[in-house]
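What follows is the content of work.tsv (TSV, C-alpha atoms).
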chain	number	residue	atom	x	y	z
A	1	MET	CA	51.38	223.79	133.96
A	2	GLU	CA	51.45	225.48	137.32
A	3	ARG	CA	54.03	225.90	139.96
A	4	ALA	CA	56.85	224.07	138.30
A	5	ASP	CA	59.21	226.47	140.06
A	6	ASN	CA	58.50	225.39	143.64
A	7	PHE	CA	61.77	223.55	143.85
A	8	THR	CA	64.80	223.76	146.05
A	9	GLY	CA	67.27	225.41	143.74
A	10	ASP	CA	69.25	225.69	140.53
A	11	TRP	CA	71.40	222.68	141.33
A	12	ASP	CA	68.39	220.53	140.49
A	13	TYR	CA	68.28	220.37	136.72
A	14	SER	CA	65.64	217.74	135.94
A	15	THR	CA	62.45	218.82	134.21
A	16	LEU	CA	58.86	218.35	135.32
A	17	PRO	CA	56.90	216.10	132.93
A	18	ALA	CA	53.90	217.58	131.09
A	19	ASN	CA	51.38	214.93	132.16
A	20	VAL	CA	51.40	215.87	135.82
A	21	ARG	CA	48.23	217.39	137.28
A	22	LEU	CA	49.18	219.58	140.22
A	23	GLY	CA	46.75	220.91	142.83
A	24	ARG	CA	47.17	224.24	144.54
A	25	ASP	CA	50.10	225.05	146.82
A	26	CYS	CA	51.96	221.80	146.35
A	27	PHE	CA	55.56	221.57	147.51
A	28	LEU	CA	57.87	219.46	145.35
A	29	GLU	CA	61.31	219.57	146.87
A	30	ARG	CA	63.41	217.94	144.23
A	31	LYS	CA	62.77	217.50	140.52
A	32	GLY	CA	65.05	214.46	140.68
A	33	SER	CA	62.03	212.66	142.10
A	34	PHE	CA	60.91	212.48	138.45
A	35	ASP	CA	64.14	210.92	137.13
A	36	ARG	CA	62.44	207.56	136.66
A	37	TYR	CA	58.97	208.89	135.84
A	38	ARG	CA	57.96	207.67	132.37
A	39	SER	CA	54.16	207.50	132.43
A	40	GLU	CA	52.45	208.09	129.12
A	41	ARG	CA	48.99	208.36	130.66
A	42	ALA	CA	47.17	211.69	130.75
A	43	PRO	CA	47.58	212.36	133.56
A	44	GLY	CA	50.23	209.97	134.85
A	45	LEU	CA	50.52	211.72	138.20
A	46	ILE	CA	47.77	213.56	140.07
A	47	LEU	CA	48.65	215.58	143.14
A	48	GLY	CA	45.84	217.13	145.22
A	49	ASP	CA	46.05	220.49	146.96
A	50	ARG	CA	48.89	221.16	149.39
A	51	VAL	CA	50.62	217.85	148.77
A	52	ARG	CA	54.24	217.86	150.00
A	53	LEU	CA	56.78	215.65	148.26
A	54	TYR	CA	60.19	215.61	149.95
A	55	SER	CA	63.63	214.88	148.50
A	56	PHE	CA	63.65	211.19	149.13
A	57	THR	CA	60.57	210.47	147.02
A	58	ASP	CA	61.07	208.49	143.80
A	59	LEU	CA	58.16	208.54	141.35
A	60	ASN	CA	58.98	205.45	139.35
A	61	VAL	CA	55.87	205.31	137.15
A	62	GLU	CA	55.92	203.04	134.10
A	63	PRO	CA	54.32	204.06	130.74
A	64	GLY	CA	50.94	202.56	131.67
A	65	GLY	CA	50.94	203.74	135.28
A	66	THR	CA	48.84	206.35	137.08
A	67	LEU	CA	49.77	207.54	140.55
A	68	SER	CA	47.39	209.73	142.50
A	69	ILE	CA	48.00	211.42	145.87
A	70	GLY	CA	45.18	213.19	147.74
A	71	ASP	CA	44.99	216.64	149.38
A	72	ASP	CA	47.24	217.50	152.33
A	73	SER	CA	49.28	214.32	152.12
A	74	ILE	CA	52.95	214.39	153.17
A	75	VAL	CA	55.19	212.05	151.21
A	76	VAL	CA	58.62	212.04	152.79
A	77	GLY	CA	60.41	209.17	151.18
A	78	ALA	CA	58.29	206.75	149.23
A	79	ILE	CA	59.76	204.80	146.36
A	80	PHE	CA	56.65	204.38	144.24
A	81	MET	CA	56.93	201.54	141.71
A	82	CYS	CA	53.78	201.99	139.65
A	83	ALA	CA	52.98	199.86	136.59
A	84	GLN	CA	49.19	200.25	136.69
A	85	LYS	CA	47.54	202.23	139.49
A	86	ILE	CA	48.48	203.45	142.94
A	87	THR	CA	45.96	205.66	144.75
A	88	ILE	CA	46.82	207.50	147.97
A	89	GLY	CA	44.02	209.21	149.95
A	90	LYS	CA	43.87	212.55	151.72
A	91	ARG	CA	45.96	213.55	154.75
A	92	VAL	CA	48.13	210.48	154.36
A	93	ILE	CA	51.63	210.47	155.84
A	94	ILE	CA	54.27	208.33	154.17
A	95	SER	CA	57.54	208.43	156.11
A	96	TYR	CA	61.19	207.74	155.15
A	97	ASN	CA	62.37	204.79	153.03
A	98	VAL	CA	58.91	203.40	152.27
A	99	THR	CA	58.34	201.27	149.15
A	100	ILE	CA	54.91	201.02	147.49
A	101	ALA	CA	54.61	198.76	144.42
A	102	ASP	CA	51.64	197.57	142.36
A	103	SER	CA	53.60	194.80	140.61
A	104	ASP	CA	56.51	192.44	141.37
A	105	PHE	CA	58.01	193.67	138.05
A	106	HIS	CA	59.29	190.20	137.16
A	107	PRO	CA	57.54	186.84	136.70
A	108	THR	CA	57.64	184.20	139.43
A	109	ASP	CA	58.12	181.32	136.98
A	110	PRO	CA	61.89	180.67	136.49
A	111	ALA	CA	61.69	180.06	132.71
A	112	ALA	CA	59.70	183.27	132.14
A	113	ARG	CA	62.10	185.11	134.43
A	114	LYS	CA	65.06	184.01	132.31
A	115	LEU	CA	63.35	185.51	129.22
A	116	ASP	CA	62.72	188.66	131.23
A	117	ALA	CA	66.41	188.91	132.17
A	118	ILE	CA	67.39	188.74	128.49
A	119	ALA	CA	64.70	191.19	127.31
A	120	ASN	CA	65.55	193.56	130.15
A	121	SER	CA	69.33	193.59	129.62
A	122	PRO	CA	70.95	196.91	128.56
A	123	PHE	CA	70.70	196.11	124.82
A	124	GLY	CA	67.75	193.72	125.08
A	125	ASP	CA	64.40	194.11	123.32
A	126	LYS	CA	62.03	195.33	126.05
A	127	GLY	CA	59.13	194.38	123.77
A	128	LEU	CA	59.96	190.72	124.41
A	129	ARG	CA	59.34	190.94	128.15
A	130	PRO	CA	56.86	188.28	129.31
A	131	TYR	CA	53.48	189.08	130.88
A	132	ILE	CA	53.89	190.53	134.33
A	133	GLU	CA	50.99	190.69	136.73
A	134	THR	CA	49.90	194.02	138.17
A	135	SER	CA	47.29	194.76	140.82
A	136	PRO	CA	46.33	198.25	142.03
A	137	VAL	CA	47.26	199.54	145.47
A	138	GLU	CA	44.84	201.76	147.35
A	139	ILE	CA	45.66	203.61	150.54
A	140	GLY	CA	42.72	205.29	152.29
A	141	ASP	CA	42.41	208.72	153.90
A	142	ASP	CA	44.36	209.51	157.10
A	143	VAL	CA	46.62	206.47	156.88
A	144	TRP	CA	50.14	206.73	158.36
A	145	VAL	CA	52.79	204.56	156.75
A	146	GLY	CA	55.80	204.14	159.04
A	147	ILE	CA	59.52	204.35	158.27
A	148	GLY	CA	60.82	201.67	155.94
A	149	ALA	CA	57.47	199.93	155.45
A	150	ILE	CA	56.93	197.95	152.23
A	151	ILE	CA	53.48	197.75	150.62
A	152	LEU	CA	53.12	195.27	147.77
A	153	LYS	CA	50.73	194.74	144.87
A	154	GLY	CA	46.98	194.38	145.35
A	155	VAL	CA	46.99	195.80	148.86
A	156	THR	CA	44.13	197.95	150.13
A	157	ILE	CA	44.69	199.88	153.34
A	158	GLY	CA	41.53	201.14	155.02
A	159	ALA	CA	41.08	204.73	156.22
A	160	GLY	CA	42.88	205.69	159.41
A	161	ALA	CA	45.07	202.58	159.54
A	162	ARG	CA	48.63	202.67	160.92
A	163	ILE	CA	51.48	200.75	159.32
A	164	GLY	CA	54.37	200.38	161.75
A	165	ALA	CA	58.02	201.04	160.95
A	166	GLY	CA	59.57	198.20	158.97
A	167	ALA	CA	56.26	196.39	158.32
A	168	VAL	CA	55.84	194.38	155.11
A	169	ILE	CA	52.22	194.46	153.89
A	170	THR	CA	51.01	191.90	151.35
A	171	HIS	CA	47.33	191.68	152.34
A	172	GLU	CA	44.43	193.99	153.05
A	173	VAL	CA	44.60	196.15	156.18
A	174	PRO	CA	41.18	197.06	157.61
A	175	GLN	CA	40.14	200.60	158.56
A	176	GLY	CA	41.79	201.90	161.71
A	177	ALA	CA	43.93	198.79	162.23
A	178	TYR	CA	47.56	198.87	163.40
A	179	TYR	CA	49.90	196.47	161.61
A	180	VAL	CA	53.56	195.83	162.46
A	181	GLY	CA	56.34	193.38	161.65
A	182	ASN	CA	57.33	191.07	158.86
A	183	PRO	CA	55.12	189.29	158.04
A	184	ALA	CA	52.82	192.05	159.26
A	185	ARG	CA	50.13	191.34	161.80
A	186	ALA	CA	47.61	193.41	163.72
A	187	VAL	CA	48.47	194.71	167.17
A	188	LYS	CA	46.18	196.43	169.64
A	189	ASP	CA	48.12	199.44	170.84
A	190	ASP	CA	50.09	201.94	168.89
A	191	GLN	CA	53.50	200.56	169.77
A	192	PRO	CA	55.47	200.12	166.57
A	193	ALA	CA	58.03	197.59	167.81
A	194	ARG	CA	56.71	195.79	170.80
A	195	LYS	CA	58.57	193.92	173.50
A	196	ASP	CA	55.63	191.66	174.34
A	197	ASP	CA	56.09	190.05	170.94
A	198	GLN	CA	59.59	189.04	171.94
A	199	SER	CA	58.45	185.97	173.80
A	200	GLU	CA	57.77	184.22	170.49
B	1	MET	CA	80.42	234.18	162.66
B	2	LYS	CA	81.43	233.84	159.03
B	3	ASP	CA	79.52	231.24	157.03
B	4	ARG	CA	81.34	227.95	156.88
B	5	TYR	CA	81.37	225.99	153.62
B	6	LEU	CA	82.82	222.57	152.83
B	7	SER	CA	85.60	222.95	150.25
B	8	HIS	CA	84.50	219.84	148.34
B	9	ASP	CA	80.77	220.66	148.35
B	10	TRP	CA	78.40	220.67	145.35
B	11	PHE	CA	75.48	221.98	147.43
B	12	PRO	CA	75.46	225.76	147.83
B	13	ALA	CA	74.36	226.05	151.48
B	14	PRO	CA	76.69	226.78	154.40
B	15	ILE	CA	76.99	224.53	157.46
B	16	PRO	CA	74.42	225.85	160.00
B	17	SER	CA	76.06	228.08	162.60
B	18	ASN	CA	74.87	225.95	165.55
B	19	VAL	CA	76.70	222.85	164.32
B	20	GLU	CA	80.00	222.09	166.07
B	21	PHE	CA	82.51	219.50	165.07
B	22	GLY	CA	85.95	218.41	166.24
B	23	GLU	CA	89.18	217.76	164.41
B	24	ARG	CA	89.42	215.43	161.41
B	25	CYS	CA	85.68	215.16	160.71
B	26	TRP	CA	84.34	214.52	157.21
B	27	ILE	CA	80.85	215.47	155.99
B	28	TYR	CA	79.91	214.55	152.43
B	29	SER	CA	77.89	217.74	151.85
B	30	SER	CA	75.92	220.52	153.54
B	31	TYR	CA	72.96	218.78	151.90
B	32	ALA	CA	72.90	216.75	155.16
B	33	PHE	CA	71.38	219.90	156.73
B	34	LEU	CA	68.66	220.51	154.09
B	35	HIS	CA	65.98	220.05	156.78
B	36	PHE	CA	68.04	221.08	159.80
B	37	ARG	CA	65.84	223.49	161.78
B	38	SER	CA	67.32	223.28	165.29
B	39	ARG	CA	67.18	226.55	167.19
B	40	GLN	CA	69.20	225.22	170.11
B	41	ARG	CA	72.51	226.87	170.94
B	42	VAL	CA	74.19	223.70	169.73
B	43	GLY	CA	71.88	221.74	167.44
B	44	LEU	CA	74.49	219.18	166.45
B	45	ARG	CA	77.75	218.48	168.24
B	46	MET	CA	80.16	215.98	166.75
B	47	GLY	CA	83.36	214.88	168.42
B	48	HIS	CA	86.62	214.33	166.54
B	49	ASP	CA	87.31	211.84	163.75
B	50	VAL	CA	83.63	211.47	162.79
B	51	GLY	CA	82.54	210.63	159.24
B	52	VAL	CA	79.13	211.48	157.77
B	53	TYR	CA	78.74	209.82	154.39
B	54	ILE	CA	76.31	210.13	151.44
B	55	GLY	CA	72.66	209.93	152.47
B	56	GLY	CA	73.23	211.07	156.04
B	57	MET	CA	70.58	213.65	156.99
B	58	PHE	CA	70.11	215.69	160.14
B	59	GLU	CA	66.37	216.43	160.14
B	60	VAL	CA	66.35	218.23	163.46
B	61	GLY	CA	63.38	220.29	164.65
B	62	PRO	CA	63.53	223.65	166.50
B	63	GLU	CA	63.73	222.01	169.94
B	64	GLY	CA	65.99	219.18	168.79
B	65	ALA	CA	69.66	218.52	169.49
B	66	VAL	CA	71.95	215.71	168.35
B	67	GLU	CA	75.24	214.66	169.94
B	68	VAL	CA	77.77	212.37	168.29
B	69	GLY	CA	80.94	211.10	170.02
B	70	ASP	CA	84.45	210.49	168.69
B	71	PHE	CA	85.55	208.03	165.96
B	72	THR	CA	81.94	207.37	164.93
B	73	ALA	CA	80.94	206.51	161.35
B	74	LEU	CA	77.53	207.68	160.18
B	75	VAL	CA	77.23	205.83	156.87
B	76	GLY	CA	73.99	207.41	155.74
B	77	PRO	CA	71.50	207.47	158.61
B	78	ILE	CA	68.53	209.82	158.64
B	79	ILE	CA	68.25	211.34	162.11
B	80	ASN	CA	64.84	212.95	162.69
B	81	THR	CA	64.24	214.46	166.11
B	82	ASN	CA	62.68	217.36	167.91
B	83	GLY	CA	64.09	215.97	171.16
B	84	THR	CA	67.49	214.49	171.83
B	85	VAL	CA	69.55	211.85	170.05
B	86	LYS	CA	72.86	210.88	171.68
B	87	ILE	CA	75.28	208.71	169.75
B	88	GLY	CA	78.44	207.55	171.51
B	89	ASN	CA	82.06	206.90	170.57
B	90	TYR	CA	83.32	204.20	168.16
B	91	VAL	CA	79.83	203.64	166.73
B	92	PHE	CA	79.08	202.27	163.26
B	93	ILE	CA	75.71	203.24	161.76
B	94	ALA	CA	75.10	201.64	158.36
B	95	HIS	CA	73.26	202.70	155.19
B	96	GLU	CA	69.59	203.71	155.22
B	97	VAL	CA	69.23	203.55	158.98
B	98	VAL	CA	66.53	205.86	160.36
B	99	ILE	CA	66.66	207.21	163.91
B	100	ALA	CA	63.39	209.03	164.63
B	101	ASP	CA	61.10	210.30	167.39
B	102	HIS	CA	58.03	208.82	165.75
B	103	PHE	CA	57.31	205.73	163.64
B	104	ALA	CA	55.84	207.87	160.85
B	105	ALA	CA	58.27	210.77	161.15
B	106	VAL	CA	58.19	213.73	158.73
B	107	PRO	CA	60.72	216.53	158.16
B	108	PRO	CA	60.60	219.31	160.77
B	109	ASP	CA	58.83	221.89	158.57
B	110	ASN	CA	55.58	220.04	159.21
B	111	THR	CA	53.79	220.10	162.52
B	112	VAL	CA	51.75	217.02	163.18
B	113	PRO	CA	49.82	217.36	166.44
B	114	GLY	CA	50.36	214.86	169.21
B	115	TRP	CA	53.88	213.85	168.33
B	116	PRO	CA	55.98	214.30	171.46
B	117	ALA	CA	59.71	214.95	171.20
B	118	GLY	CA	61.65	211.72	171.58
B	119	SER	CA	64.82	210.60	173.26
B	120	ILE	CA	67.19	208.01	171.83
B	121	VAL	CA	70.60	206.86	173.08
B	122	VAL	CA	73.07	204.84	171.01
B	123	GLY	CA	75.86	203.73	173.36
B	124	ASP	CA	79.61	203.50	172.78
B	125	ASN	CA	81.09	200.85	170.53
B	126	THR	CA	77.70	199.82	169.08
B	127	TRP	CA	76.93	198.74	165.54
B	128	ILE	CA	73.61	199.51	163.84
B	129	GLY	CA	72.96	197.39	160.73
B	130	ALA	CA	71.65	198.59	157.38
B	131	ARG	CA	68.00	199.72	157.26
B	132	ALA	CA	67.54	199.28	161.00
B	133	ILE	CA	65.06	201.70	162.60
B	134	LEU	CA	65.56	203.18	166.06
B	135	LEU	CA	62.50	204.90	167.52
B	136	SER	CA	61.90	207.00	170.63
B	137	GLY	CA	62.74	204.97	173.73
B	138	ALA	CA	65.55	203.08	172.04
B	139	ARG	CA	68.54	202.78	174.39
B	140	ILE	CA	71.30	200.78	172.76
B	141	GLY	CA	73.70	199.58	175.44
B	142	GLU	CA	77.49	199.60	175.09
B	143	GLY	CA	78.90	197.16	172.58
B	144	ALA	CA	75.49	195.95	171.36
B	145	ILE	CA	74.63	195.14	167.75
B	146	VAL	CA	71.31	195.93	166.09
B	147	GLY	CA	70.80	193.65	163.08
B	148	ALA	CA	69.98	194.86	159.58
B	149	GLY	CA	66.31	195.83	159.24
B	150	ALA	CA	65.55	195.51	162.96
B	151	VAL	CA	63.02	197.88	164.55
B	152	VAL	CA	63.94	198.92	168.11
B	153	ASP	CA	62.06	201.21	170.52
B	154	PHE	CA	63.22	199.71	173.83
B	155	GLU	CA	66.32	199.22	175.95
B	156	VAL	CA	68.91	196.86	174.47
B	157	GLU	CA	71.27	195.49	177.11
B	158	PRO	CA	75.00	196.04	176.65
B	159	PHE	CA	76.81	193.42	174.59
B	160	THR	CA	73.72	191.78	173.12
B	161	VAL	CA	72.66	191.30	169.52
B	162	VAL	CA	69.06	192.13	168.59
B	163	ALA	CA	67.50	191.44	165.21
B	164	GLY	CA	64.16	191.16	163.46
B	165	SER	CA	60.93	193.11	163.23
B	166	PRO	CA	59.82	193.36	165.97
B	167	ALA	CA	63.39	193.00	167.28
B	168	LYS	CA	64.41	190.42	169.86
B	169	VAL	CA	67.65	189.30	171.46
B	170	VAL	CA	69.33	186.66	169.32
B	171	ARG	CA	72.79	186.45	170.91
B	172	ARG	CA	74.97	187.66	173.76
B	173	LEU	CA	78.49	188.84	173.05
B	174	ARG	CA	79.79	188.24	176.59
Could you spell out this file's structure in structure tokens?
Amino acid sequence: MERADNFTGDWDYSTLPANVRLGRDCFLERKGSFDRYRSERAPGLILGDRVRLYSFTDLNVEPGGTLSIGDDSIVVGAIFMCAQKITIGKRVIISYNVTIADSDFHPTDPAARKLDAIANSPFGDKGLRPYIETSPVEIGDDVWVGIGAIILKGVTIGAGARIGAGAVITHEVPQGAYYVGNPARAVKDDQPARKDDQSE
Amino acid sequence: MKDRYLSHDWFPAPIPSNVEFGERCWIYSSYAFLHFRSRQRVGLRMGHDVGVYIGGMFEVGPEGAVEVGDFTALVGPIINTNGTVKIGNYVFIAHEVVIADHFAAVPPDNTVPGWPAGSIVVGDNTWIGARAILLSGARIGEGAIVGAGAVVDFEVEPFTVVAGSPAKVVRRLR
């Protein structure tokens, strides 16, 4: 494994998992980002060259999950919740307090959700968890994901798109589009929180 | 000047020398300055009786400067600027609030071309709800309230309540 020592300092005592494929000159600020990383895939995490992962990033990858982040991407504060597959392109910027998930992690059906609550309790049998749907997330090259945005399962974001601060994305975003708000919708200019929408 | 450390701190770094604060301030840790890169004479000035609690981060670029008034509670905001952020007196800023020059802000070690330095003013006696986002151009008037999760990049009149994404006025307090 390369460059496992590119971290902030001795105060950070977590260890880097073995099934991480690191590109050249990556910057990983805080090993604590791996506290909830439990992928058993080989590899479970792929970082391209010069990827920067800042303190606030949380790589919550489940045993069957694979997370991949392309060259020159800057990940400031994404909480990744990855059960299957999340793919981030090149030169992507993911700002503070973003959440990206490829599953809802619990069933929608109330009866199944009750079983999940029991199986998932501190001394429950995790093997008894009901089927939970997953659907890969794919974020194209040169996408900027704004502060606090939430991107949910099955979403594809086309290259060069902009996701405004606080947007909640549940459907496909075409290439180069600008989406803001909750529920998110396309806007023309690059204003993240626009007054002209206030008339609604 | 001798390095200043917080007596209760777990993080080994000193408080940056261009940070000034008044009497009876509390900062949870020098970790708040992990990405503090201001080269201004005063990069952060806090008044007296100010609290900065866990999760608060001053991600200030070389040209950036932040001012905070008296009796203000910063309960965990991330402040990211290479311009100016002015926060008044008697302000409450809740958990996970982000105040930033740009909608897709990054820590100051990165230079992303075409991102101008911003300017944000949070007036006296205001209250910023959890997970709200204030972007360049936000001017929060005296006594106003910004609801939880609201996104604001415009002028909010004094004594109004704004909420939602995009934010709009939902109430007037006087």
9 Å contacts from chain B to chain A using all atoms listed in the file, as a count of residues only: 30
Coordinates-based distance that separates atom CA of B:Leu6 from atom CA of B:Met46 (Å, one decimal): 15.6 Å
Residues near B:Gly47, cut-off 7 Å, only C-alpha atoms, skip fewer than 4 positions along chain, as a ChimeraX atom specification: /B:21-22,68-70
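The protein and nucleic acid residues lying at most 12 Å from A:Gly48 are Val20, Arg21, Leu22, Gly23, Arg24, Asp25, Cys26, Phe27, Leu53, Leu67, Ser68, Ile69, Gly70, Asp71, Asp72, Ser73, Ile74, Thr87, Ile88, Gly89, Lys90, Arg91 and Val92 of chain A, with only C-alpha atoms considered and sequence neighbours fewer than 5 positions away removed.
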Exercise: residues within 8 Å of coordinate (73.4, 201.4, 175.7), counting only C-alpha atoms, as a ChimeraX atom specification: /B:121-124,139-144,155-158
Taking the block just given, write stretch 45-64 of chain A to a file that holds C-alpha atoms, as an mmCIF file, in the first residue's frame.
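Ended up saving to out-v2.cif:
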data_model
loop_
_atom_site.group_PDB
_atom_site.id
_atom_site.type_symbol
_atom_site.label_atom_id
_atom_site.label_comp_id
_atom_site.auth_asym_id
_atom_site.auth_seq_id
_atom_site.Cartn_x
_atom_site.Cartn_y
_atom_site.Cartn_z
ATOM 1 C CA LEU A 45 -12.389 2.100 -2.518
ATOM 2 C CA ILE A 46 -10.588 3.397 -5.598
ATOM 3 C CA LEU A 47 -9.037 6.850 -5.519
ATOM 4 C CA GLY A 48 -7.540 8.287 -8.726
ATOM 5 C CA ASP A 49 -4.448 10.477 -8.874
ATOM 6 C CA ARG A 50 -4.316 13.660 -6.796
ATOM 7 C CA VAL A 51 -7.654 13.067 -5.104
ATOM 8 C CA ARG A 52 -8.089 15.214 -1.974
ATOM 9 C CA LEU A 53 -10.262 13.927 0.859
ATOM 10 C CA TYR A 54 -10.780 16.450 3.657
ATOM 11 C CA SER A 55 -11.599 15.895 7.326
ATOM 12 C CA PHE A 56 -15.333 15.984 7.020
ATOM 13 C CA THR A 57 -15.528 13.034 4.617
ATOM 14 C CA ASP A 58 -17.129 9.830 5.912
ATOM 15 C CA LEU A 59 -16.546 6.710 3.806
ATOM 16 C CA ASN A 60 -19.417 4.588 5.014
ATOM 17 C CA VAL A 61 -19.028 1.636 2.634
ATOM 18 C CA GLU A 62 -20.900 -1.581 3.434
ATOM 19 C CA PRO A 63 -19.345 -5.068 2.877
ATOM 20 C CA GLY A 64 -20.674 -5.299 -0.690
#
